[in-house]
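> Structure file run_14.pdb, PDB, C-alpha atoms and all ligand atoms, is pasted below:
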```
ATOM      1  CA  MET A1374       2.304  42.677 -26.780
ATOM      2  CA  LYS A1375       0.229  43.822 -29.696
ATOM      3  CA  LYS A1376       2.453  42.211 -32.297
ATOM      4  CA  LEU A1377       2.900  39.039 -30.285
ATOM      5  CA  LEU A1378      -0.797  38.710 -29.704
ATOM      6  CA  ILE A1379      -1.622  39.099 -33.374
ATOM      7  CA  VAL A1380       0.989  36.518 -34.310
ATOM      8  CA  SER A1381      -0.304  34.053 -31.772
ATOM      9  CA  LEU A1382      -3.909  34.577 -32.771
ATOM     10  CA  PHE A1383      -3.140  34.238 -36.459
ATOM     11  CA  GLY A1384      -1.505  30.945 -35.707
ATOM     12  CA  LEU A1385      -4.523  30.175 -33.665
ATOM     13  CA  SER A1386      -7.067  31.154 -36.269
ATOM     14  CA  SER A1387      -5.928  28.442 -38.665
ATOM     15  CA  ALA A1388      -6.306  25.897 -35.915
ATOM     16  CA  MET A1389      -9.433  27.577 -34.641
ATOM     17  CA  GLY A1390     -11.960  25.356 -36.348
ATOM     18  CA  SER A1391     -10.468  22.270 -34.858
ATOM     19  CA  VAL A1392      -9.757  23.876 -31.497
ATOM     20  CA  MET A1393     -13.334  25.010 -31.131
ATOM     21  CA  SER A1394     -14.832  21.688 -32.062
ATOM     22  CA  SER A1395     -12.367  19.032 -31.043
ATOM     23  CA  SER A1396     -12.047  17.728 -27.555
ATOM     24  CA  ALA A1397      -8.832  15.969 -28.565
ATOM     25  CA  LEU A1398      -7.123  19.322 -28.156
ATOM     26  CA  ALA A1399      -8.717  19.929 -24.805
ATOM     27  CA  SER A1400      -5.601  18.865 -23.051
ATOM     28  CA  ASP A1401      -4.360  19.855 -19.650
ATOM     29  CA  HIS A1402      -2.735  22.907 -21.172
ATOM     30  CA  ALA A1403      -1.006  24.091 -18.046
ATOM     31  CA  PRO A1404      -0.196  22.838 -14.617
ATOM     32  CA  LYS A1405      -3.197  23.719 -12.522
ATOM     33  CA  ALA A1406      -2.359  26.991 -10.888
ATOM     34  CA  GLN A1407      -2.845  27.474  -7.167
ATOM     35  CA  ALA A1408      -6.308  28.721  -6.216
ATOM     36  CA  TRP A1409      -6.587  32.295  -4.888
ATOM     37  CA  THR A1410      -7.164  32.912  -1.240
ATOM     38  CA  GLN A1411      -9.260  36.006  -0.536
ATOM     39  CA  ILE A1412      -6.225  37.747   0.936
ATOM     40  CA  GLU A1413      -4.093  37.034  -2.136
ATOM     41  CA  TRP A1414      -6.817  38.258  -4.441
ATOM     42  CA  ASN A1415      -7.341  41.460  -2.427
ATOM     43  CA  LYS A1416      -3.648  42.151  -2.828
ATOM     44  CA  ALA A1417      -3.735  41.464  -6.589
ATOM     45  CA  ALA A1418      -6.791  43.721  -6.960
ATOM     46  CA  ARG A1419      -5.046  46.523  -5.065
ATOM     47  CA  GLU A1420      -2.065  46.185  -7.383
ATOM     48  CA  MET A1421      -4.225  46.232 -10.528
ATOM     49  CA  THR A1422      -2.916  49.122 -12.586
ATOM     50  CA  GLN A1423      -5.163  51.868 -13.939
ATOM     51  CA  GLY A1424      -6.601  50.677 -17.261
ATOM     52  CA  ASP A1425      -6.607  52.776 -20.415
ATOM     53  CA  ALA A1426      -9.875  52.165 -22.291
ATOM     54  CA  SER A1427      -8.708  53.577 -25.616
ATOM     55  CA  ARG A1428      -5.708  51.276 -25.583
ATOM     56  CA  GLY A1429      -8.055  48.453 -24.580
ATOM     57  CA  GLU A1430     -10.189  49.150 -27.626
ATOM     58  CA  ILE A1431      -7.144  48.842 -29.898
ATOM     59  CA  LEU A1432      -6.132  45.570 -28.275
ATOM     60  CA  HIS A1433      -9.676  44.269 -28.655
ATOM     61  CA  ARG A1434      -9.661  45.091 -32.360
ATOM     62  CA  ASP A1435      -6.095  44.212 -33.323
ATOM     63  CA  GLY A1436      -5.995  41.173 -31.058
ATOM     64  CA  LEU A1437      -8.920  39.720 -32.990
ATOM     65  CA  CYS A1438     -10.979  39.472 -29.819
ATOM     66  CA  LEU A1439     -13.767  41.120 -31.759
ATOM     67  CA  SER A1440     -14.038  38.185 -34.169
ATOM     68  CA  CYS A1441     -15.631  36.109 -31.405
ATOM     69  CA  HIS A1442     -16.665  38.665 -28.783
ATOM     70  CA  GLY A1443     -18.084  41.155 -31.290
ATOM     71  CA  VAL A1444     -17.829  44.851 -31.951
ATOM     72  CA  ASN A1445     -17.997  46.665 -28.580
ATOM     73  CA  GLY A1446     -17.837  43.297 -26.821
ATOM     74  CA  VAL A1447     -21.353  42.195 -27.730
ATOM     75  CA  ALA A1448     -21.006  38.603 -28.914
ATOM     76  CA  PRO A1449     -22.435  37.916 -32.359
ATOM     77  CA  SER A1450     -23.329  34.301 -31.501
ATOM     78  CA  ARG A1451     -25.081  32.665 -28.557
ATOM     79  CA  ASN A1452     -22.009  30.606 -27.968
ATOM     80  CA  ALA A1453     -19.337  33.130 -27.003
ATOM     81  CA  PRO A1454     -19.757  35.341 -23.972
ATOM     82  CA  SER A1455     -20.467  39.035 -24.298
ATOM     83  CA  LEU A1456     -17.905  41.159 -22.497
ATOM     84  CA  ALA A1457     -19.656  44.533 -22.783
ATOM     85  CA  ALA A1458     -20.522  46.209 -19.463
ATOM     86  CA  GLN A1459     -18.674  43.502 -17.587
ATOM     87  CA  GLN A1460     -17.149  44.490 -14.245
ATOM     88  CA  ALA A1461     -13.510  45.449 -14.874
ATOM     89  CA  GLU A1462     -12.251  43.595 -11.823
ATOM     90  CA  TYR A1463     -14.001  40.387 -12.875
ATOM     91  CA  THR A1464     -12.616  40.538 -16.449
ATOM     92  CA  TYR A1465      -9.133  41.235 -15.121
ATOM     93  CA  LYS A1466      -9.334  38.265 -12.750
ATOM     94  CA  THR A1467     -10.685  35.861 -15.321
ATOM     95  CA  LEU A1468      -7.998  36.835 -17.863
ATOM     96  CA  LEU A1469      -5.333  36.227 -15.208
ATOM     97  CA  ASP A1470      -6.976  32.876 -14.443
ATOM     98  CA  TYR A1471      -6.995  31.810 -18.098
ATOM     99  CA  GLN A1472      -3.361  32.813 -18.390
ATOM    100  CA  SER A1473      -2.260  30.847 -15.330
ATOM    101  CA  GLY A1474      -4.439  27.867 -16.225
ATOM    102  CA  LEU A1475      -6.504  28.193 -13.035
ATOM    103  CA  ARG A1476      -9.575  28.681 -15.197
ATOM    104  CA  ASN A1477      -9.600  25.552 -17.300
ATOM    105  CA  GLU A1478     -12.882  23.869 -18.154
ATOM    106  CA  HIS A1479     -10.921  21.213 -20.052
ATOM    107  CA  ASP A1480     -12.407  21.982 -23.411
ATOM    108  CA  GLY A1481     -11.157  23.602 -26.596
ATOM    109  CA  LYS A1482     -12.675  26.941 -25.664
ATOM    110  CA  ALA A1483     -10.678  27.243 -22.452
ATOM    111  CA  THR A1484      -7.541  26.168 -24.337
ATOM    112  CA  LEU A1485      -8.200  28.886 -26.875
ATOM    113  CA  MET A1486      -8.482  31.560 -24.184
ATOM    114  CA  HIS A1487      -5.407  30.168 -22.444
ATOM    115  CA  VAL A1488      -3.421  30.619 -25.676
ATOM    116  CA  ALA A1489      -4.937  34.056 -26.336
ATOM    117  CA  THR A1490      -3.882  35.349 -22.896
ATOM    118  CA  GLN A1491      -0.287  34.082 -22.992
ATOM    119  CA  PRO A1492       1.267  37.227 -24.530
ATOM    120  CA  MET A1493      -0.733  39.616 -22.331
ATOM    121  CA  SER A1494       0.802  41.828 -19.680
ATOM    122  CA  LYS A1495      -1.220  42.818 -16.622
ATOM    123  CA  GLN A1496      -1.459  46.291 -18.146
ATOM    124  CA  ASP A1497      -3.022  44.816 -21.309
ATOM    125  CA  MET A1498      -5.564  42.951 -19.170
ATOM    126  CA  ALA A1499      -6.419  46.092 -17.200
ATOM    127  CA  ASP A1500      -6.815  48.092 -20.439
ATOM    128  CA  LEU A1501      -9.121  45.489 -21.969
ATOM    129  CA  ALA A1502     -11.098  45.180 -18.734
ATOM    130  CA  VAL A1503     -11.736  48.902 -18.486
ATOM    131  CA  TYR A1504     -12.669  49.114 -22.172
ATOM    132  CA  TYR A1505     -15.294  46.355 -21.821
ATOM    133  CA  ALA A1506     -16.646  47.856 -18.603
ATOM    134  CA  GLN A1507     -17.387  51.102 -20.432
ATOM    135  CA  GLN A1508     -19.483  49.495 -23.184
ATOM    136  CA  ALA A1509     -23.275  49.420 -22.944
ATOM    137  CA  THR A1510     -25.033  46.351 -21.500
ATOM    138  CA  PRO A1511     -25.951  43.943 -24.323
ATOM    139  CA  ASN A1512     -29.603  44.176 -25.258
ATOM    140  CA  GLN A1513     -30.360  40.855 -26.935
ATOM    141  CA  SER A1514     -33.263  40.605 -29.306
ATOM    142  CA  ILE A1515     -34.423  37.194 -28.147
ATOM    143  CA  VAL A1516     -37.994  36.046 -28.061
ATOM    144  CA  LEU A1517     -38.416  33.265 -25.521
ATOM    145  CA  ASP A1518     -40.578  30.257 -26.372
ATOM    146  CA  THR A1519     -41.946  30.349 -22.858
ATOM    147  CA  PRO A1520     -41.754  33.421 -20.641
ATOM    148  CA  VAL A1521     -39.578  33.211 -17.543
ATOM    149  CA  ASP A1522     -41.749  31.726 -14.805
ATOM    150  CA  ALA A1523     -42.312  32.906 -11.241
ATOM    151  CA  ALA A1524     -40.239  30.051  -9.763
ATOM    152  CA  THR A1525     -37.145  31.242 -11.642
ATOM    153  CA  ILE A1526     -37.667  34.836 -10.603
ATOM    154  CA  ARG A1527     -38.078  33.643  -7.034
ATOM    155  CA  LEU A1528     -34.745  31.798  -7.266
ATOM    156  CA  VAL A1529     -33.068  34.981  -8.463
ATOM    157  CA  LYS A1530     -34.633  37.302  -5.923
ATOM    158  CA  LYS A1531     -35.371  35.117  -2.906
ATOM    159  CA  GLY A1532     -33.194  32.042  -3.344
ATOM    160  CA  ASP A1533     -34.278  28.702  -1.908
ATOM    161  CA  VAL A1534     -33.722  28.229   1.811
ATOM    162  CA  SER A1535     -34.506  24.505   1.663
ATOM    163  CA  ARG A1536     -31.483  23.991  -0.606
ATOM    164  CA  MET A1537     -29.376  26.764   0.967
ATOM    165  CA  ILE A1538     -29.403  28.666  -2.318
ATOM    166  CA  VAL A1539     -28.686  32.334  -1.712
ATOM    167  CA  PRO A1540     -30.531  34.686  -4.114
ATOM    168  CA  CYS A1541     -28.474  35.282  -7.245
ATOM    169  CA  ALA A1542     -29.415  38.974  -7.077
ATOM    170  CA  SER A1543     -27.853  39.401  -3.632
ATOM    171  CA  CYS A1544     -24.427  38.984  -5.223
ATOM    172  CA  HIS A1545     -24.999  39.717  -8.914
ATOM    173  CA  GLY A1546     -27.166  42.778  -8.258
ATOM    174  CA  ALA A1547     -30.858  43.542  -8.745
ATOM    175  CA  HIS A1548     -30.263  44.347 -12.400
ATOM    176  CA  GLY A1549     -27.629  41.669 -13.004
ATOM    177  CA  GLU A1550     -24.995  44.380 -13.032
ATOM    178  CA  GLY A1551     -22.401  42.591 -10.875
ATOM    179  CA  ARG A1552     -19.860  44.159  -8.553
ATOM    180  CA  GLY A1553     -16.066  43.809  -8.336
ATOM    181  CA  ILE A1554     -15.174  40.195  -9.033
ATOM    182  CA  THR A1555     -18.856  39.198  -9.113
ATOM    183  CA  PRO A1556     -19.682  39.304 -12.828
ATOM    184  CA  ALA A1557     -22.489  41.154 -14.539
ATOM    185  CA  LEU A1558     -25.008  38.680 -16.026
ATOM    186  CA  ALA A1559     -27.534  41.002 -17.712
ATOM    187  CA  GLY A1560     -27.701  40.319 -21.433
ATOM    188  CA  GLN A1561     -25.215  37.423 -21.231
ATOM    189  CA  THR A1562     -25.460  34.971 -24.105
ATOM    190  CA  ARG A1563     -27.586  31.962 -23.341
ATOM    191  CA  ASP A1564     -25.444  29.026 -24.417
ATOM    192  CA  TYR A1565     -22.368  30.421 -22.711
ATOM    193  CA  PHE A1566     -24.342  30.980 -19.513
ATOM    194  CA  VAL A1567     -25.600  27.386 -19.484
ATOM    195  CA  ARG A1568     -22.188  25.956 -20.327
ATOM    196  CA  THR A1569     -20.363  27.828 -17.594
ATOM    197  CA  MET A1570     -23.046  27.005 -14.966
ATOM    198  CA  GLN A1571     -22.695  23.326 -15.870
ATOM    199  CA  ALA A1572     -18.920  23.672 -15.608
ATOM    200  CA  TYR A1573     -19.223  25.012 -12.047
ATOM    201  CA  LYS A1574     -21.680  22.259 -11.259
ATOM    202  CA  ASP A1575     -19.492  19.373 -12.363
ATOM    203  CA  LYS A1576     -16.359  21.049 -10.970
ATOM    204  CA  ARG A1577     -14.621  21.768 -14.247
ATOM    205  CA  ARG A1578     -14.685  25.503 -13.548
ATOM    206  CA  THR A1579     -12.897  25.971 -10.255
ATOM    207  CA  ASN A1580     -11.359  29.436 -10.416
ATOM    208  CA  ASP A1581     -13.937  30.979  -8.058
ATOM    209  CA  ILE A1582     -12.555  31.899  -4.651
ATOM    210  CA  HIS A1583     -13.765  29.456  -1.962
ATOM    211  CA  GLN A1584     -16.317  28.036  -4.447
ATOM    212  CA  GLY A1585     -18.138  31.348  -4.032
ATOM    213  CA  MET A1586     -20.185  30.514  -7.097
ATOM    214  CA  ALA A1587     -20.038  26.750  -7.460
ATOM    215  CA  GLN A1588     -21.742  26.101  -4.120
ATOM    216  CA  PHE A1589     -24.986  27.468  -5.612
ATOM    217  CA  THR A1590     -24.920  25.355  -8.748
ATOM    218  CA  TYR A1591     -24.581  21.869  -7.273
ATOM    219  CA  GLN A1592     -28.255  21.595  -6.475
ATOM    220  CA  LEU A1593     -29.719  23.369  -9.464
ATOM    221  CA  THR A1594     -31.422  21.142 -12.023
ATOM    222  CA  ASP A1595     -30.667  21.408 -15.734
ATOM    223  CA  SER A1596     -34.028  22.976 -16.420
ATOM    224  CA  GLU A1597     -33.488  25.552 -13.664
ATOM    225  CA  ILE A1598     -30.136  26.462 -15.203
ATOM    226  CA  ASP A1599     -31.768  26.831 -18.635
ATOM    227  CA  ALA A1600     -34.473  29.061 -17.169
ATOM    228  CA  LEU A1601     -31.917  31.209 -15.322
ATOM    229  CA  ALA A1602     -30.029  31.632 -18.620
ATOM    230  CA  ASP A1603     -33.251  32.853 -20.268
ATOM    231  CA  TYR A1604     -33.903  35.207 -17.373
ATOM    232  CA  TYR A1605     -30.481  36.858 -17.559
ATOM    233  CA  ALA A1606     -30.266  36.848 -21.374
ATOM    234  CA  THR A1607     -33.447  38.915 -21.533
ATOM    235  CA  LEU A1608     -32.933  40.986 -18.390
ATOM    236  CA  ASN A1609     -31.866  44.056 -20.299
ATOM    237  CA  GLN A1610     -34.578  43.925 -22.935
ATOM    238  CA  THR A1611     -36.536  47.117 -22.731
ATOM    239  CA  SER A1612     -39.889  45.401 -23.032
ATOM    240  CA  SER A1613     -38.869  42.091 -21.486
ATOM    241  CA  GLN A1614     -41.453  40.126 -19.612
ATOM    242  CA  SER A1615     -38.848  38.934 -17.174
ATOM    243  CA  ALA A1616     -37.499  42.372 -16.367
ATOM    244  CA  SER A1617     -40.889  43.754 -15.585
ATOM    245  CA  GLN A1618     -42.180  40.818 -13.565
ATOM    246  CA  GLY A1619     -41.932  40.803  -9.835
ATOM    247  CA  VAL A1620     -41.959  37.838  -7.492
ATOM    248  CA  LYS A1621     -45.473  36.804  -6.673
ATOM    249  CA  LYS A1622     -45.774  35.707  -3.121
TER     250      LYS A1622
HETATM  251  C1  LIG B   1     -12.018  32.142 -31.552
HETATM  252  C2  LIG B   1     -12.904  32.853 -30.672
HETATM  253  C3  LIG B   1     -12.308  33.714 -29.562
HETATM  254  C4  LIG B   1     -11.314  34.675 -29.643
HETATM  255  C5  LIG B   1     -10.498  35.093 -30.862
HETATM  256  C6  LIG B   1     -11.213  35.250 -28.314
HETATM  257  N1  LIG B   1     -12.101  34.664 -27.463
HETATM  258 FE1  LIG B   1     -12.408  35.116 -25.506
HETATM  259  N2  LIG B   1     -13.678  33.554 -25.318
HETATM  260  C7  LIG B   1     -14.134  32.761 -26.353
HETATM  261  C8  LIG B   1     -15.050  31.767 -25.842
HETATM  262  C9  LIG B   1     -15.782  30.705 -26.663
HETATM  263  C10 LIG B   1     -15.111  31.979 -24.433
HETATM  264  C11 LIG B   1     -15.915  31.187 -23.406
HETATM  265  C12 LIG B   1     -15.152  29.967 -23.019
HETATM  266  C13 LIG B   1     -16.028  28.993 -22.287
HETATM  267  O1  LIG B   1     -17.049  28.618 -22.820
HETATM  268  O2  LIG B   1     -15.686  28.618 -21.158
HETATM  269  C14 LIG B   1     -14.251  33.128 -24.148
HETATM  270  C15 LIG B   1     -14.102  33.708 -22.891
HETATM  271  C16 LIG B   1     -13.535  34.940 -22.666
HETATM  272  C17 LIG B   1     -13.621  35.695 -21.436
HETATM  273  C18 LIG B   1     -14.374  35.268 -20.178
HETATM  274  C19 LIG B   1     -15.778  35.831 -20.210
HETATM  275  C20 LIG B   1     -16.555  35.599 -18.941
HETATM  276  O3  LIG B   1     -17.685  36.094 -18.844
HETATM  277  O4  LIG B   1     -16.041  34.942 -18.028
HETATM  278  C21 LIG B   1     -12.924  36.861 -21.616
HETATM  279  C22 LIG B   1     -12.738  37.995 -20.626
HETATM  280  C23 LIG B   1     -12.387  36.827 -22.965
HETATM  281  N3  LIG B   1     -12.786  35.659 -23.578
HETATM  282  C24 LIG B   1     -11.603  37.828 -23.525
HETATM  283  C25 LIG B   1     -10.994  37.728 -24.782
HETATM  284  C26 LIG B   1     -10.022  38.664 -25.273
HETATM  285  C27 LIG B   1      -9.536  39.891 -24.529
HETATM  286  C28 LIG B   1      -9.639  38.229 -26.523
HETATM  287  C29 LIG B   1      -8.617  38.827 -27.474
HETATM  288  C30 LIG B   1      -7.272  38.879 -26.980
HETATM  289  C31 LIG B   1     -10.397  37.003 -26.798
HETATM  290  N4  LIG B   1     -11.204  36.739 -25.712
HETATM  291  C32 LIG B   1     -10.328  36.273 -27.974
HETATM  292  C33 LIG B   1     -13.800  32.901 -27.694
HETATM  293  C34 LIG B   1     -12.797  33.719 -28.186
HETATM  294  C1  LIG B   2     -22.409  34.606  -2.752
HETATM  295  C2  LIG B   2     -22.407  35.336  -3.995
HETATM  296  C3  LIG B   2     -23.021  34.674  -5.223
HETATM  297  C4  LIG B   2     -24.277  34.119  -5.375
HETATM  298  C5  LIG B   2     -25.374  33.992  -4.338
HETATM  299  C6  LIG B   2     -24.379  33.714  -6.767
HETATM  300  N1  LIG B   2     -23.205  34.010  -7.433
HETATM  301 FE1  LIG B   2     -22.844  33.673  -9.408
HETATM  302  N2  LIG B   2     -20.906  34.292  -9.166
HETATM  303  C7  LIG B   2     -20.379  34.803  -7.990
HETATM  304  C8  LIG B   2     -18.967  35.083  -8.190
HETATM  305  C9  LIG B   2     -18.016  35.689  -7.158
HETATM  306  C10 LIG B   2     -18.670  34.691  -9.520
HETATM  307  C11 LIG B   2     -17.307  34.736 -10.219
HETATM  308  C12 LIG B   2     -16.512  33.511  -9.817
HETATM  309  C13 LIG B   2     -15.273  33.318 -10.642
HETATM  310  O1  LIG B   2     -14.310  34.065 -10.472
HETATM  311  O2  LIG B   2     -15.293  32.402 -11.475
HETATM  312  C14 LIG B   2     -19.921  34.209 -10.099
HETATM  313  C15 LIG B   2     -20.048  33.740 -11.409
HETATM  314  C16 LIG B   2     -21.258  33.441 -12.023
HETATM  315  C17 LIG B   2     -21.414  33.121 -13.427
HETATM  316  C18 LIG B   2     -20.320  33.111 -14.482
HETATM  317  C19 LIG B   2     -20.406  34.393 -15.301
HETATM  318  C20 LIG B   2     -19.406  34.488 -16.411
HETATM  319  O3  LIG B   2     -19.395  35.539 -17.084
HETATM  320  O4  LIG B   2     -18.634  33.561 -16.637
HETATM  321  C21 LIG B   2     -22.750  32.864 -13.624
HETATM  322  C22 LIG B   2     -23.407  32.492 -14.936
HETATM  323  C23 LIG B   2     -23.416  33.023 -12.353
HETATM  324  N3  LIG B   2     -22.479  33.378 -11.392
HETATM  325  C24 LIG B   2     -24.784  32.855 -12.145
HETATM  326  C25 LIG B   2     -25.382  32.832 -10.872
HETATM  327  C26 LIG B   2     -26.769  32.444 -10.639
HETATM  328  C27 LIG B   2     -27.767  32.080 -11.721
HETATM  329  C28 LIG B   2     -26.978  32.507  -9.280
HETATM  330  C29 LIG B   2     -28.223  32.138  -8.486
HETATM  331  C30 LIG B   2     -28.679  30.773  -8.588
HETATM  332  C31 LIG B   2     -25.711  32.927  -8.677
HETATM  333  N4  LIG B   2     -24.782  33.130  -9.678
HETATM  334  C32 LIG B   2     -25.508  33.122  -7.325
HETATM  335  C33 LIG B   2     -21.071  35.031  -6.812
HETATM  336  C34 LIG B   2     -22.355  34.588  -6.537
END
```
Would you mind writing the structure in this file as structure tokens?


Amino acid sequence: MKKLLIVSLFGLSSAMGSVMSSSALASDHAPKAQAWTQIEWNKAAREMTQGDASRGEILHRDGLCLSCHGVNGVAPSRNAPSLAAQQAEYTYKTLLDYQSGLRNEHDGKATLMHVATQPMSKQDMADLAVYYAQQATPNQSIVLDTPVDAATIRLVKKGDVSRMIVPCASCHGAHGEGRGITPALAGQTRDYFVRTMQAYKDKRRTNDIHQGMAQFTYQLTDSEIDALADYYATLNQTSSQSASQGVKK
């Protein structure tokens, strides 16, 4: 796939500027694939082949993934997601979902990832996934204008019973480390985080099994989503205010 992938991405790179900025290209790039049931996904996860991280690293480099997702999977811009320290099972699932068209936020960025995943075999996806999982959690050097407030930390750690919002940390982990198909969020780039939360909220991102994620975004306000993005972007900072704060009762 290596050769194929390079060819397709070189073709892509010339169109990249327009793909990334133009919504004219944000077409329905594939028939919407059938959503996963939990049983189907469990089967797919069981059949996931053992990934080879060193091969994954080569694919990451030669497949030009690094031009957007950065050396070692730490994104150089706020716009693209970091992939470093991501859960292997989550990365594998989301690559499958881009390939099938199930993950399709109807913008140029999803189209780009749909094209980039076309030549991939499941082995390639497993190799990439394991490679990213082995990289260190991104430690972003961001200084927030306003520190993350207690209400946001409460949302993460305690949720909000009145709106049936389950604490983010109960699924994504106390340190935003994720588990299985629940993604790691620690150190995730801010703009990507906001964009994908908004996509769940307005039902453009629908690849989550049984709306396992989307159900918690419907009632979040824009400013809550922004604050949650700040919280997770700075979670892995060694001297972060957010990481060291507890919930005040
Ligand atoms: C031109 C830039 C670009 C290139 C090249 C690129 N990506 Fe992406 N990728 C993106 C953007 C932007 C997103 C986020 C899309 C969105 O906003 O919904 C993304 C999303 C992803 C995600 C989902 C991340 C998450 O947290 O859900 C994975 C995994 C991924 N890319 C892997 C790859 C791999 C592997 C390659 C190489 C074969 C690659 N990408 C090449 C820009 C790129
Ligand atoms: C019941 C478990 C659960 C809860 C609670 C939950 N999530 Fe999620 N979240 C998930 C799963 C599972 C996914 C992956 C879904 C998919 O495949 O698209 C996800 C995906 C995400 C993503 C996309 C990450 C990426 O790399 O694309 C973000 C951001 C996110 N969650 C933030 C939050 C925040 C913030 C909260 C709290 C308000 C929260 N989640 C609560 C299970 C949960």

> Which residues are near ligand LIG 1 (chain B) - at most 7 Å, using only C-alpha atoms and all ligand atoms? Format: as number ranges by chain.

A: 1382, 1386, 1389, 1432-1433, 1436-1442, 1452-1456, 1464, 1467-1468, 1478, 1482-1483, 1485-1486, 1489-1490, 1501, 1565, 1568-1569

> Please, which residues have at least one atom within 7 Å of an atom of ligand LIG 2 (chain B), using only C-alpha atoms and all ligand atoms, listed as an MDAnalysis selection string?

chainID A and resid 1454 1463 1466:1467 1528:1529 1538:1545 1554:1558 1566 1569:1570 1579:1582 1585:1586 1589:1590 1601

> Convert the current residue selection to file output with C-alpha atoms, as a PDB file, in the coordinates of the input.


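Written output follows (out.pdb):
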```
ATOM      1  CA  PRO A1454     -19.757  35.341 -23.972  1.00  0.00           C
ATOM      2  CA  TYR A1463     -14.001  40.387 -12.875  1.00  0.00           C
ATOM      3  CA  LYS A1466      -9.334  38.265 -12.750  1.00  0.00           C
ATOM      4  CA  THR A1467     -10.685  35.861 -15.321  1.00  0.00           C
ATOM      5  CA  LEU A1528     -34.745  31.798  -7.266  1.00  0.00           C
ATOM      6  CA  VAL A1529     -33.068  34.981  -8.463  1.00  0.00           C
ATOM      7  CA  ILE A1538     -29.403  28.666  -2.318  1.00  0.00           C
ATOM      8  CA  VAL A1539     -28.686  32.334  -1.712  1.00  0.00           C
ATOM      9  CA  PRO A1540     -30.531  34.686  -4.114  1.00  0.00           C
ATOM     10  CA  CYS A1541     -28.474  35.282  -7.245  1.00  0.00           C
ATOM     11  CA  ALA A1542     -29.415  38.974  -7.077  1.00  0.00           C
ATOM     12  CA  SER A1543     -27.853  39.401  -3.632  1.00  0.00           C
ATOM     13  CA  CYS A1544     -24.427  38.984  -5.223  1.00  0.00           C
ATOM     14  CA  HIS A1545     -24.999  39.717  -8.914  1.00  0.00           C
ATOM     15  CA  ILE A1554     -15.174  40.195  -9.033  1.00  0.00           C
ATOM     16  CA  THR A1555     -18.856  39.198  -9.113  1.00  0.00           C
ATOM     17  CA  PRO A1556     -19.682  39.304 -12.828  1.00  0.00           C
ATOM     18  CA  ALA A1557     -22.489  41.154 -14.539  1.00  0.00           C
ATOM     19  CA  LEU A1558     -25.008  38.680 -16.026  1.00  0.00           C
ATOM     20  CA  PHE A1566     -24.342  30.980 -19.513  1.00  0.00           C
ATOM     21  CA  THR A1569     -20.363  27.828 -17.594  1.00  0.00           C
ATOM     22  CA  MET A1570     -23.046  27.005 -14.966  1.00  0.00           C
ATOM     23  CA  THR A1579     -12.897  25.971 -10.255  1.00  0.00           C
ATOM     24  CA  ASN A1580     -11.359  29.436 -10.416  1.00  0.00           C
ATOM     25  CA  ASP A1581     -13.937  30.979  -8.058  1.00  0.00           C
ATOM     26  CA  ILE A1582     -12.555  31.899  -4.651  1.00  0.00           C
ATOM     27  CA  GLY A1585     -18.138  31.348  -4.032  1.00  0.00           C
ATOM     28  CA  MET A1586     -20.185  30.514  -7.097  1.00  0.00           C
ATOM     29  CA  PHE A1589     -24.986  27.468  -5.612  1.00  0.00           C
ATOM     30  CA  THR A1590     -24.920  25.355  -8.748  1.00  0.00           C
ATOM     31  CA  LEU A1601     -31.917  31.209 -15.322  1.00  0.00           C
TER      32      LEU A1601
END
```

> One number please: atom CA of A:Ile1598 to atom CA of A:Gln1571, in Å, one decimal.

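Atom CA of A:Gln1571 lies at a distance of 8.1 Å from atom CA of A:Ile1598.
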
> Rounded to one decimal place, report the atom CA of A:Gln1592-atom CA of A:His1548 distance in Å.

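Taking atom CA of A:Gln1592 and atom CA of A:His1548, their separation equals 23.6 Å.
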
> Show me as an mmCIF file with C-alpha atoms, in the coordinates of the input the residues that reach within 7 Å of (-3.8, 46.4, -12.9), counting all atoms listed in the file and using the file's own coordinates.


```cif
data_model
loop_
_atom_site.group_PDB
_atom_site.id
_atom_site.type_symbol
_atom_site.label_atom_id
_atom_site.label_comp_id
_atom_site.auth_asym_id
_atom_site.auth_seq_id
_atom_site.Cartn_x
_atom_site.Cartn_y
_atom_site.Cartn_z
ATOM 1 C CA GLU A 1420 -2.065 46.185 -7.383
ATOM 2 C CA MET A 1421 -4.225 46.232 -10.528
ATOM 3 C CA THR A 1422 -2.916 49.122 -12.586
ATOM 4 C CA GLN A 1423 -5.163 51.868 -13.939
ATOM 5 C CA GLY A 1424 -6.601 50.677 -17.261
ATOM 6 C CA LYS A 1495 -1.220 42.818 -16.622
ATOM 7 C CA GLN A 1496 -1.459 46.291 -18.146
ATOM 8 C CA ALA A 1499 -6.419 46.092 -17.200
#
```

> Between A:Val1503, A:Ala1547, A:Asp1603, A:Arg1419, which residue has the minimum interatomic distance to A:Asp1518, considering all atoms listed in the file?

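Ranked by minimum distance to A:Asp1518, first place goes to A:Asp1603.
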
> Considering all atoms listed in the file, state which residue in the set A:Gln1407, A:Ser1473, A:Gln1588, A:Ser1450 is at the smallest distance from A:Tyr1573.

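Closest residue, counting all atoms listed in the file: A:Gln1588.
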
> State, in Å with one decimal place, the distance from atom CA of A:Ala1506 to atom CA of A:Ala1461.

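Rounded to one decimal, the two atoms are 5.4 Å apart.
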
> What's around A:Tyr1604 at 8 Å? Count all atoms listed in the file, leave out sequence neighbours fewer than 2 positions away in its own chain, and write the answer as a list in words.

Val1521, Thr1525, Ile1526, Ala1600, Leu1601, Ala1602, Ala1606, Thr1607, Leu1608 and Ser1615 of chain A
